[in-house]
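To start, the structure under review is shown below, and the notes come after it.
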Amino acid sequence: MASTLLKNIPAKDFIVPPQKRAVDFSADKRIPVIDLAAHNRADLAQQIIKSAKEFGVFQVRNHGVSEKVMEETMNLYKQVFNMGDEEKAMLYGEGSNKNCRIHAGGDYYLNAEYRSWREMLIQPVSPMDDESMQSKPWLEKPAGYREMVIAYTTEMKMLGLRILDLIGEALGMEAGYFERNNLTQTLNIVANHYPVCPDPSSTMGSAPHYDPNLITILHQQLFGLQIFNNGQWLGVEPLPHALTIMVSSQLQIISNDELKGCKHRVVTNSSAARVSIGTFIGPSLDAVVEPAAGAAPVFRPVQYNEFLQQYASNKTESDVVGFCKIQP
Ligand code: OGA
Ligand code: NI
């Protein structure tokens, strides 16, 4: 993808075909909100698994991640996206693999027919040992960026592992399965910026997609996220201090198709710029992902590296796990 500033991209590139546009911009109250402090463990595991099965997404509150860390990290990324054009231009990347660069106006991993109304910045934060931390492409500004992002990711990882534990328990998996099989080693922070858009009815902030990783924790303050459920797009309400958890593709494979990856997209809005921060927890590149022991496997084992290559070349927005399905 070219390193072009949003405002320089011809408007027609952003126009979504009429049949693929959003029509409803409201939040849907059916998407579950789970209070992580309010239940006993078995109840909690059941609520989580029920929500994951029904919607592929749920929100959590009383999740244990410090509100201060959340707010300060959000403010940092707002500062990054608000930098002056010249300073920001130094962060524009060529091609898809330049991490910690801003990718403007296009989904680098999607083959959508139109450009997304967004900028994104990928910050890899794994492995988290001291030595690897030194060599990462940290932003030099704003001040305190690196320390804050590490603190943020550390807290998000704890939350992610806790939720995965509960999911594993509810699915009857052995305790510690995800960690033992190197399924949670990759941590990427993806910050998205959706600028104010003059015409939300004909644009899309992010084209429909499934996340390729294991589980995604999304931090949002403004409306924009929609998930696909039973043939309908449902809006996820941006509840203050809550976090949105999405089932991603590897969890579909590991759960042997009991859980489905959550198909989602982001709509634009005409009143305020939206910044969201995704924490992507996923396998190490050489990990082999397969259904955890149980019923007859529906998927063959697949190395995460191979999965990502297939994912990047998938020309459709559906069935990203189809290539590793065992044919009956
Ligand atoms: C993503 C994504 C949703 C959002 O980064 O993969 O789907 O609300 N983000 O920004
Ligand atoms: Ni996503």
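How things are named: the first chain in the structure tokens is A, the next is B, and so on; residues count from 1 in each chain; ligands count from 1 in the order shown.
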
Distance query stretch 252-259 of chain A at most 7 Å, only C-alpha atoms, self and fewer than 6 positions along chain excluded, as a list in words: Ala52, Lys53, Val289, Glu290, Pro291, Ala292, Pro297, Val298 and Phe299 of chain A

Expected selection as a VMD selection string for ligand 2 within 9 Å, only C-alpha atoms and all ligand atoms: chain A and resid 206 208 to 212 216 218 246 248 262 to 266 278

Those same residues - N, CA, C and O atoms - I'd like them written as a PDB file, in the first residue's frame.
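Below is the file that was written, result-v1.pdb:
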```pdb
ATOM      1  N   SER A 206     -13.337   0.297   8.547  1.00  0.00           N
ATOM      2  CA  SER A 206     -12.578  -0.931   8.364  1.00  0.00           C
ATOM      3  C   SER A 206     -13.511  -1.936   7.700  1.00  0.00           C
ATOM      4  O   SER A 206     -14.635  -2.139   8.152  1.00  0.00           O
ATOM      5  N   PRO A 208     -15.195  -5.465   6.462  1.00  0.00           N
ATOM      6  CA  PRO A 208     -15.487  -6.671   7.240  1.00  0.00           C
ATOM      7  C   PRO A 208     -14.295  -7.630   7.238  1.00  0.00           C
ATOM      8  O   PRO A 208     -13.687  -7.855   6.196  1.00  0.00           O
ATOM      9  N   HIS A 209     -13.965  -8.129   8.391  1.00  0.00           N
ATOM     10  CA  HIS A 209     -12.845  -9.077   8.482  1.00  0.00           C
ATOM     11  C   HIS A 209     -12.939  -9.890   9.770  1.00  0.00           C
ATOM     12  O   HIS A 209     -13.690  -9.548  10.681  1.00  0.00           O
ATOM     13  N   TYR A 210     -12.161 -10.937   9.798  1.00  0.00           N
ATOM     14  CA  TYR A 210     -11.925 -11.700  11.031  1.00  0.00           C
ATOM     15  C   TYR A 210     -10.506 -11.377  11.450  1.00  0.00           C
ATOM     16  O   TYR A 210      -9.624 -11.257  10.594  1.00  0.00           O
ATOM     17  N   ASP A 211     -10.248 -11.283  12.726  1.00  0.00           N
ATOM     18  CA  ASP A 211      -8.863 -11.101  13.149  1.00  0.00           C
ATOM     19  C   ASP A 211      -8.166 -12.464  13.062  1.00  0.00           C
ATOM     20  O   ASP A 211      -8.761 -13.493  13.382  1.00  0.00           O
ATOM     21  N   PRO A 212      -6.892 -12.469  12.628  1.00  0.00           N
ATOM     22  CA  PRO A 212      -6.217 -13.754  12.407  1.00  0.00           C
ATOM     23  C   PRO A 212      -5.681 -14.421  13.674  1.00  0.00           C
ATOM     24  O   PRO A 212      -5.378 -15.609  13.657  1.00  0.00           O
ATOM     25  N   THR A 216      -8.808 -11.013  20.671  1.00  0.00           N
ATOM     26  CA  THR A 216      -8.534  -9.573  20.546  1.00  0.00           C
ATOM     27  C   THR A 216      -9.262  -8.830  21.658  1.00  0.00           C
ATOM     28  O   THR A 216     -10.432  -9.093  21.932  1.00  0.00           O
ATOM     29  N   LEU A 218     -10.385  -5.106  22.586  1.00  0.00           N
ATOM     30  CA  LEU A 218     -10.512  -3.788  21.976  1.00  0.00           C
ATOM     31  C   LEU A 218     -10.931  -2.742  23.001  1.00  0.00           C
ATOM     32  O   LEU A 218     -11.861  -2.939  23.773  1.00  0.00           O
ATOM     33  N   MET A 246     -13.082 -10.099  21.467  1.00  0.00           N
ATOM     34  CA  MET A 246     -13.538 -10.781  20.247  1.00  0.00           C
ATOM     35  C   MET A 246     -12.831 -12.118  20.065  1.00  0.00           C
ATOM     36  O   MET A 246     -11.621 -12.234  20.274  1.00  0.00           O
ATOM     37  N   SER A 248     -11.086 -14.638  17.859  1.00  0.00           N
ATOM     38  CA  SER A 248     -10.361 -14.547  16.590  1.00  0.00           C
ATOM     39  C   SER A 248     -10.143 -15.945  16.009  1.00  0.00           C
ATOM     40  O   SER A 248     -10.532 -16.947  16.609  1.00  0.00           O
ATOM     41  N   CYS A 262     -15.090 -13.949  15.120  1.00  0.00           N
ATOM     42  CA  CYS A 262     -16.076 -12.858  15.059  1.00  0.00           C
ATOM     43  C   CYS A 262     -15.804 -11.988  13.827  1.00  0.00           C
ATOM     44  O   CYS A 262     -14.742 -11.388  13.700  1.00  0.00           O
ATOM     45  N   LYS A 263     -16.773 -11.966  12.921  1.00  0.00           N
ATOM     46  CA  LYS A 263     -16.619 -11.093  11.748  1.00  0.00           C
ATOM     47  C   LYS A 263     -17.056  -9.697  12.154  1.00  0.00           C
ATOM     48  O   LYS A 263     -18.129  -9.526  12.728  1.00  0.00           O
ATOM     49  N   HIS A 264     -16.214  -8.728  11.886  1.00  0.00           N
ATOM     50  CA  HIS A 264     -16.539  -7.369  12.315  1.00  0.00           C
ATOM     51  C   HIS A 264     -16.078  -6.336  11.303  1.00  0.00           C
ATOM     52  O   HIS A 264     -15.289  -6.635  10.407  1.00  0.00           O
ATOM     53  N   ARG A 265     -16.588  -5.141  11.452  1.00  0.00           N
ATOM     54  CA  ARG A 265     -16.202  -4.022  10.599  1.00  0.00           C
ATOM     55  C   ARG A 265     -16.346  -2.753  11.435  1.00  0.00           C
ATOM     56  O   ARG A 265     -16.870  -2.792  12.553  1.00  0.00           O
ATOM     57  N   VAL A 266     -15.885  -1.647  10.880  1.00  0.00           N
ATOM     58  CA  VAL A 266     -15.994  -0.384  11.610  1.00  0.00           C
ATOM     59  C   VAL A 266     -16.628   0.658  10.706  1.00  0.00           C
ATOM     60  O   VAL A 266     -16.203   0.836   9.557  1.00  0.00           O
ATOM     61  N   GLY A 278      -6.464  -1.963  19.760  1.00  0.00           N
ATOM     62  CA  GLY A 278      -6.644  -3.406  19.846  1.00  0.00           C
ATOM     63  C   GLY A 278      -5.406  -4.048  20.433  1.00  0.00           C
ATOM     64  O   GLY A 278      -4.288  -3.696  20.058  1.00  0.00           O
TER      65      GLY A 278
END
```

Using only C-alpha atoms: which of A:Val321, A:Ala143, A:Met120, A:Ile15 has the shortest distance to A:Arg274: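 That would be A:Met120, the residue with the smallest distance to A:Arg274.
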
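Proximity to ligand 1 was assessed for A:Ala242, A:Val288, A:Ile281, A:Ala191 counting only C-alpha atoms and all ligand atoms; the smallest distance is recorded for A:Ala191.
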
Shortest interatomic distance to ligand 1 - which of A:Lys12, A:His193, A:Arg146, A:Lys68, counting only C-alpha atoms and all ligand atoms: A:His193

Residue contacts of stretch 165-168 of chain A (9 Å, only C-alpha atoms) excluding same-chain residues fewer than 3 positions away, as an NGL selection string: :A and (41-42 or 44-46 or 48-49 or 52 or 160-162 or 171-178 or 255)
